[in-house]
>>> print(open('my_file_34.txt').read())   # compact mmCIF, C-alpha atoms
# COMPACT_ATOMS: atom_id res chain seq x y z
CA MET A 63 106.02 84.07 99.55
CA LYS A 64 107.64 84.77 102.89
CA ILE A 65 107.05 87.94 104.91
CA ARG A 66 108.64 88.32 108.31
CA VAL A 67 109.11 91.06 110.89
CA GLN A 68 111.75 90.10 113.42
CA ASN A 69 114.34 91.27 115.93
CA GLU A 70 116.93 88.74 114.84
CA ARG A 71 119.60 89.30 112.21
CA PHE A 72 118.91 87.55 108.89
CA ASP A 73 121.26 85.81 106.50
CA ALA A 74 120.48 87.14 103.02
CA GLY A 75 122.47 84.41 101.29
CA ALA A 76 120.70 81.64 103.18
CA GLU A 77 117.30 83.22 102.49
CA MET A 78 118.00 83.36 98.75
CA ALA A 79 119.41 79.85 98.69
CA ALA A 80 116.20 78.66 100.33
CA MET A 81 114.12 80.31 97.58
CA SER A 82 115.82 78.40 94.77
CA GLN A 83 116.36 75.19 96.73
CA GLY A 84 114.84 72.17 94.99
CA ARG A 85 113.45 74.04 91.99
CA THR A 86 114.77 74.54 88.47
CA ASP A 87 112.23 76.99 87.02
CA ILE A 88 113.75 80.19 88.44
CA GLY A 89 115.86 82.14 85.95
CA ALA A 90 116.44 85.31 87.96
CA LEU A 91 116.82 86.12 91.62
CA ALA A 92 117.22 89.82 92.44
CA SER A 93 117.69 91.17 95.95
CA PHE A 94 118.11 94.33 97.97
CA VAL A 95 119.56 94.62 101.47
CA GLY A 96 119.16 97.88 103.40
CA LEU A 97 121.78 98.51 106.10
CA ALA A 98 121.95 100.83 109.11
CA ARG A 99 124.31 103.74 108.30
CA ASP A 100 126.60 105.59 110.69
CA LEU A 101 125.76 109.01 109.20
CA ASN A 102 122.45 110.78 108.47
CA GLU A 103 121.52 114.42 107.94
CA GLY A 104 125.09 115.48 108.69
CA SER A 105 125.54 113.84 112.07
CA GLY A 106 126.93 110.58 113.33
CA VAL A 107 124.46 107.82 114.16
CA GLN A 108 125.47 105.39 116.90
CA ALA A 109 122.37 103.21 116.71
CA ILE A 110 118.82 103.17 115.38
CA THR A 111 115.69 101.73 116.94
CA LEU A 112 112.88 100.57 114.68
CA GLU A 113 109.33 100.71 115.97
CA HIS A 114 106.38 99.24 114.08
CA TYR A 115 102.63 98.72 114.25
CA PRO A 116 102.18 94.98 114.93
CA GLY A 117 99.40 93.58 112.78
CA MET A 118 99.25 96.42 110.29
CA THR A 119 102.90 95.97 109.36
CA GLU A 120 102.43 92.39 108.17
CA LYS A 121 99.20 93.35 106.40
CA ALA A 122 100.81 96.32 104.62
CA LEU A 123 103.82 94.26 103.51
CA ALA A 124 101.53 91.51 102.19
CA ALA A 125 99.53 94.11 100.24
CA VAL A 126 102.73 95.49 98.66
CA VAL A 127 103.90 92.00 97.66
CA GLU A 128 100.45 91.17 96.26
CA GLU A 129 100.51 94.32 94.17
CA ALA A 130 103.96 93.40 92.82
CA ALA A 131 102.70 89.90 91.98
CA ALA A 132 99.77 91.43 90.08
CA ARG A 133 102.16 93.56 87.98
CA TRP A 134 104.92 91.06 87.22
CA ALA A 135 105.13 87.28 86.82
CA LEU A 136 106.90 86.36 90.05
CA LEU A 137 107.86 82.89 91.19
CA ASP A 138 108.68 83.74 94.80
CA VAL A 139 109.22 86.75 97.08
CA THR A 140 110.91 87.06 100.47
CA VAL A 141 110.59 90.22 102.58
CA ILE A 142 112.26 90.38 105.99
CA HIS A 143 112.26 93.60 108.03
CA ARG A 144 113.93 93.94 111.40
CA ILE A 145 112.69 95.87 114.42
CA GLY A 146 114.36 96.88 117.67
CA ARG A 147 117.80 98.43 118.21
CA LEU A 148 120.33 98.08 115.39
CA LEU A 149 123.94 99.22 115.07
CA PRO A 150 125.65 100.76 112.03
CA GLY A 151 126.39 98.02 109.52
CA ASP A 152 123.52 95.84 110.69
CA PRO A 153 121.10 94.65 107.98
CA ILE A 154 117.61 96.22 108.32
CA VAL A 155 115.62 94.87 105.41
CA LEU A 156 115.83 92.16 102.76
CA VAL A 157 113.70 92.01 99.62
CA ALA A 158 114.39 89.08 97.29
CA VAL A 159 112.38 88.34 94.16
CA ALA A 160 112.49 85.23 91.96
CA SER A 161 111.16 85.20 88.41
CA LEU A 162 111.81 83.73 84.98
CA HIS A 163 113.84 86.69 83.72
CA ARG A 164 115.85 89.54 85.22
CA GLY A 165 113.53 92.32 84.03
CA GLU A 166 110.66 91.27 86.28
CA ALA A 167 112.96 90.45 89.20
CA PHE A 168 114.78 93.81 89.15
CA ALA A 169 111.60 95.84 88.66
CA ALA A 170 109.56 94.03 91.30
CA CYS A 171 112.39 94.23 93.84
CA GLU A 172 112.66 98.00 93.39
CA PHE A 173 108.88 98.42 93.43
CA ILE A 174 108.53 96.48 96.68
CA MET A 175 111.24 98.58 98.36
CA ASP A 176 109.73 101.85 97.12
CA TYR A 177 106.27 100.90 98.36
CA LEU A 178 107.56 99.47 101.63
CA LYS A 179 109.32 102.79 102.35
CA THR A 180 106.08 104.75 102.03
CA ARG A 181 103.38 102.27 103.15
CA ALA A 182 104.69 99.89 105.79
CA PRO A 183 104.30 101.31 109.31
CA PHE A 184 107.90 101.36 110.55
CA TRP A 185 109.57 104.34 112.23
CA LYS A 186 113.27 104.90 112.86
CA LYS A 187 114.73 106.68 115.84
CA GLU A 188 118.41 107.57 115.74
CA GLU A 189 120.90 107.89 118.57
CA THR A 190 123.34 110.69 117.76
CA PRO A 191 125.99 112.50 119.85
CA ALA A 192 123.41 115.30 120.31
CA GLY A 193 120.69 112.96 121.59
CA THR A 194 117.94 110.85 120.04
CA ARG A 195 115.76 112.00 117.16
CA TRP A 196 112.98 110.52 115.04
CA VAL A 197 113.88 110.23 111.36
CA GLU A 198 111.65 112.45 109.21
CA ALA A 199 110.02 111.04 106.08
CA ARG A 200 111.66 112.18 102.85
CA ALA A 201 109.88 113.69 99.86
CA SER A 202 112.26 111.68 97.65
CA ASP A 203 110.73 108.46 99.00
CA ASP A 204 107.25 109.64 98.00
CA ALA A 205 108.61 110.55 94.58
CA ALA A 206 110.21 107.11 94.22
CA ALA A 207 106.90 105.39 95.01
CA ALA A 208 104.95 107.74 92.73
CA ARG A 209 107.03 106.58 89.71
CA TRP A 210 105.12 103.30 89.78
CA ILE A 211 101.65 104.82 89.54
CA LYS A 212 100.19 103.78 86.23
CA PRO A 213 98.77 106.55 84.03
CA MET B 61 80.49 104.86 119.69
CA THR B 62 83.69 103.60 121.24
CA LEU B 63 87.04 103.67 119.49
CA ARG B 64 90.38 102.13 120.35
CA VAL B 65 92.94 104.78 119.43
CA LEU B 66 96.64 103.97 119.03
CA TYR B 67 99.59 106.36 118.68
CA PHE B 68 103.03 105.51 117.35
CA ALA B 69 106.58 106.83 117.22
CA ARG B 70 106.98 110.57 117.78
CA LEU B 71 103.26 111.05 118.47
CA ARG B 72 103.22 108.31 121.11
CA GLU B 73 106.18 109.93 122.84
CA ARG B 74 104.84 113.47 122.68
CA PHE B 75 101.32 112.54 123.81
CA GLY B 76 102.69 110.25 126.50
CA VAL B 77 100.13 107.60 125.61
CA ALA B 78 100.31 104.53 123.36
CA GLU B 79 96.65 103.54 123.41
CA GLU B 80 93.32 104.74 124.76
CA SER B 81 89.66 103.83 124.62
CA LEU B 82 87.59 106.81 123.52
CA ALA B 83 83.88 107.57 123.52
CA PHE B 84 83.37 109.33 120.18
CA GLY B 85 80.36 111.36 119.09
CA GLY B 86 81.57 112.30 115.61
CA THR B 87 81.53 110.52 112.26
CA THR B 88 84.82 110.81 110.36
CA ALA B 89 88.57 110.61 110.97
CA ALA B 90 88.66 114.39 110.58
CA ASP B 91 86.08 114.72 113.40
CA LEU B 92 88.28 112.58 115.63
CA ILE B 93 91.36 114.68 114.83
CA ALA B 94 89.40 117.85 115.62
CA GLU B 95 88.32 116.35 118.94
CA LEU B 96 91.89 115.38 119.87
CA ARG B 97 93.22 118.78 118.77
CA ALA B 98 90.73 120.43 121.13
CA ARG B 99 92.64 118.88 124.04
CA GLY B 100 95.17 121.66 123.45
CA GLY B 101 98.90 121.55 124.27
CA VAL B 102 100.92 118.93 122.40
CA TRP B 103 97.69 117.57 120.87
CA ALA B 104 96.88 120.87 119.20
CA GLU B 105 100.50 121.28 118.18
CA GLU B 106 101.15 117.84 116.68
CA LEU B 107 97.75 117.54 114.97
CA ALA B 108 97.67 121.12 113.66
CA ALA B 109 96.65 121.67 110.06
CA GLY B 110 99.76 121.37 107.90
CA ARG B 111 101.51 118.88 110.20
CA ALA B 112 102.22 115.56 108.49
CA PHE B 113 100.51 112.57 110.07
CA ARG B 114 98.53 109.56 108.89
CA VAL B 115 95.35 107.89 110.09
CA ALA B 116 94.71 104.15 109.76
CA VAL B 117 91.34 102.54 110.44
CA ASN B 118 91.38 98.84 111.24
CA GLN B 119 94.97 98.79 109.98
CA ASP B 120 94.41 100.43 106.58
CA ILE B 121 95.50 104.02 105.90
CA VAL B 122 92.43 106.14 105.14
CA ALA B 123 91.61 109.63 103.92
CA PHE B 124 90.54 112.10 106.61
CA ASP B 125 86.94 112.08 105.35
CA ALA B 126 86.62 108.32 105.99
CA ALA B 127 83.78 107.32 108.32
CA LEU B 128 84.82 105.52 111.51
CA PRO B 129 82.91 102.32 112.29
CA ASP B 130 81.88 101.62 115.88
CA GLY B 131 84.57 99.71 117.72
CA ALA B 132 87.21 100.64 115.15
CA GLU B 133 90.92 100.46 115.85
CA VAL B 134 92.15 103.89 114.79
CA ALA B 135 95.89 104.59 114.63
CA ILE B 136 97.48 108.01 114.28
CA PHE B 137 101.16 108.18 113.36
CA PRO B 138 103.86 110.18 111.56
CA PRO B 139 104.74 109.41 107.93
CA VAL B 140 106.57 106.08 107.90
CA THR B 141 110.37 105.80 107.77
CA GLY B 142 111.21 102.11 107.51
CA GLY B 143 113.36 100.28 104.98
>>> encode(input="my_file_34.txt", output="structure tokens")
Amino acid sequence: MKIRVQNERFDAGAEMAAMSQGRTDIGALASFVGLARDLNEGSGVQAITLEHYPGMTEKALAAVVEEAAARWALLDVTVIHRIGRLLPGDPIVLVAVASLHRGEAFAACEFIMDYLKTRAPFWKKEETPAGTRWVEARASDDAAAARWIKP
Amino acid sequence: MTLRVLYFARLRERFGVAEESLAFGGTTAADLIAELRARGGVWAEELAAGRAFRVAVNQDIVAFDAALPDGAEVAIFPPVTGG
């Protein structure tokens, strides 16, 4: 399992290649990459700055990955989230999940993203032509995370 | 007891403070919020009932009725928007 919070750009392909390097037991490797967009809430976005809570961020991400590993049989997980100032088109987050079969890999990848969006202490601030603004949390993100609550 | 209180994102900017050491006579997170709200101004505004914010104690998000241990690191921040 690899969890990293960093300023630097990541190479999703290299990260995934590293996960399967030297092993032959992985049957499925699913991934998600979130990118900085140039449009949000109807206005242009020139850049975003990601702030986080050092210490809690790593702990919260580890807890999300642990919960995924308790639900599905996972062989490896990589989560990389960037902080600092990013430009449209820049990668923000990578979640990659290795398992025996695609079902677990797809589900766990989506679960980790949904929980990361609502539990990991990151905040986005956007630079728009009208000035800077903090991104507001979306109810749809809470709804996405709530889908995974077991009855 | 003494608490280390941290603020993040919009709250840090509006309060004009990232971190403070606070002598606290109450018991729960809700008591702390009430105490901060009593400062008035942006504190009363941002921490008003109905405003969305979260409280973490020693880096775990807690319910407002959670007791605060002496020396705790308490963080108050807006709902998260990463990913």
>>> residues_around(input="my_file_34.txt", residues="Arg74 (chain B)", least_positions_apart="4", cutoff="9 Å", atoms="all atoms listed in the file", output="ChimeraX atom specification")
/B:69-70,102-103,106
>>> write_last_selection(input="my_file_34.txt", atoms="C-alpha atoms", output="CSV table (one decimal), in the frame of the given file")
chain,number,residue,atom,x,y,z
B,69,ALA,CA,106.6,106.8,117.2
B,70,ARG,CA,107.0,110.6,117.8
B,102,VAL,CA,100.9,118.9,122.4
B,103,TRP,CA,97.7,117.6,120.9
B,106,GLU,CA,101.2,117.8,116.7
>>> residues_near_point(input="my_file_34.txt", point="(85.8, 107.5, 108.3)", cutoff="10 Å", atoms="only C-alpha atoms", output="list of chain:residue names")
B:Gly86, B:Thr87, B:Thr88, B:Ala89, B:Ala90, B:Asp91, B:Leu92, B:Val115, B:Ala116, B:Val117, B:Val122, B:Ala123, B:Phe124, B:Asp125, B:Ala126, B:Ala127, B:Leu128, B:Pro129, B:Ala132, B:Val134
>>> residues_around(input="my_file_34.txt", residues="Ser82 (chain A)", least_positions_apart="4", cutoff="10 Å", atoms="only C-alpha atoms", output="PyMOL selection string")
chain A and resi 77-78+86-91+137-138+160
>>> closest_residue(input="my_file_34.txt", among="A:Lys212, A:Lys121, A:Arg200, A:Lys186", to="Val107 (chain A)", atoms="all atoms listed in the file")
A:Lys186
>>> atom_distance(input="my_file_34.txt", atom1="CA of Ala83 (chain B)", atom2="CA of Arg181 (chain A)")
28.7 Å
>>> closest_residue(input="my_file_34.txt", among="A:Glu113, A:Glu129, A:Glu70, A:Glu120", to="chain B", atoms="all atoms listed in the file")
A:Glu113
>>> closest_residue(input="my_file_34.txt", among="B:Leu82, B:Leu107, B:Ala94, B:Leu66", to="chain A", atoms="all atoms listed in the file")
B:Leu66
>>> closest_residue(input="my_file_34.txt", among="B:Val140, B:Phe68, B:Leu63, B:Gln119", to="Ser81 (chain B)", atoms="all atoms listed in the file")
B:Leu63
>>> atom_distance(input="my_file_34.txt", atom1="CA of Trp134 (chain A)", atom2="CA of Leu162 (chain A)")
10.3 Å
